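A.B. asks: Would you mind keeping the following structure in view while I ask a few things?
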Amino acid sequence: MAAMSVGSRPLVPSRLAPGGVAHGNRRAPTTVLGAYIALTKPRIIELLLITTVPTMILAERGWPSTWLVVVTLIGGTLSAGSANAVNMYVDRDIDALMERTQARPLVTGVIEPRNALIFALSLQVFAFGVLWAGANLLSALLAFAAAAFYIGVYTIWLKRTSRQNIVIGGAAGAVPVLVGWSAVQNNVTWTPVVLFIVMFLWTPPHFWALAVKYADDYRAADVPMLPSVVPMAEAVRQMIWYTAALCISTLVLIPVADLGWIYGIAAVVLGAVFLGGTIALGKYPSESASMRLFGFSITYVTLLFGAMSLDVFVQHGF
């Protein structure tokens, strides 16, 4: 798995924190304030916002209004945080069964479930108001729809019933690109749709790489996450198909969004490394290899969207 060494440290700030992993943290919050912040799953939100600002830059063909960027980030953070908090409220029973989630506030009892739900719903109302007042109604509706989909379709329905849970439910995590675009343009065109497809296809190989390590946790909680219910070879085979489709979709974006050579080279190189790493995981399967692939998947989306922003600035100026 030497080919995956480039992905062993994903390039997002929270990864620098001791034990930081974007989808889990076993350290229990030590204060009530910290517990409420933990309810929002801030490291997942960080990953979502990595895609929002570059999409706004692409929509503007340069740097948008700084105020609009700040408002969109605040609204998106509150909306995603609300959905994550409801997810913890609904999943508090299975969180107690999984080692990765046993330190969450509703498992340890730092926060009462009723208080967590009130907090979550309040965040969503505030998020809608912030986006509507500071950006436009379309961006507010899209953020709300993403939260509702994540809660209703993924958390309540699919997570405990279908091995395709993260595939379908992961669509919610692709909506921030639509929110970012609509905040600037007040519409949804083919460019944000292709970006949505990119993030939709990225989610399964990203999350399944993590799920390989925690397959026993998911079995203990009777959650049919793909790597916990099928042989490793089958899980990796599906990861390869999604990664290949992802790479193709990133290239489709070039003519659709009129992007240039900077983004094009980045998409090809990063896609080749991601696909190569996924194939290598199938040849040399191990938990450590899956976590390196998981790490690179975060680096991948960070650098891809960073290259997209740079391409826009080079073509159109800051």
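The way I read the labels, and the way they are meant: chains A, B, ... in the order of the structure tokens, residue 1 as the first residue of every chain, and ligand 1 as the first ligand shown, with later ones counted on from there.
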Which neighbours of region 176-190 of chain A fall inside 7 Å, counting only C-alpha atoms, when residues of the same chain fewer than 6 positions from it are skipped, and could you give them as number ranges by chain?

C.D. replies: A: 48, 51-53, 55-56, 59-60, 72, 135-136, 138-139, 142-143, 196

A.B. asks: Which residue out of A:Ala133, A:Ile57, A:Ala96, A:Leu246 has the minimum interatomic distance to Pro204 (chain A) when only C-alpha atoms are used?

C.D. replies: A:Leu246

A.B. asks: Could you state the separation of CA of Val193 (chain A) and CA of Pro205 (chain A) in Å, given to one decimal place?

C.D. replies: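 Rounded to one decimal, the two atoms are 19.9 Å apart.
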
A.B. asks: May I have the residues within 12 Å of Pro255 (chain A) as a PyMOL selection string, using only C-alpha atoms and disregarding those fewer than 5 positions away in the same chain?

C.D. replies: chain A and resi 190-191+194+249-250+260-261+263-264

A.B. asks: Take CA of Ala307 (chain A) and CA of Ala245 (chain A) and report the distance between them in Å, one decimal.

C.D. replies: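 Going from CA of Ala307 (chain A) over to CA of Ala245 (chain A), I get 19.6 Å.
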
A.B. asks: Would you mind reading off the distance between CA of Phe126 (chain A) and CA of Leu78 (chain A), one decimal, in Å?

C.D. replies: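 Interatomic distance, CA of Phe126 (chain A) to CA of Leu78 (chain A): 7.4 Å.
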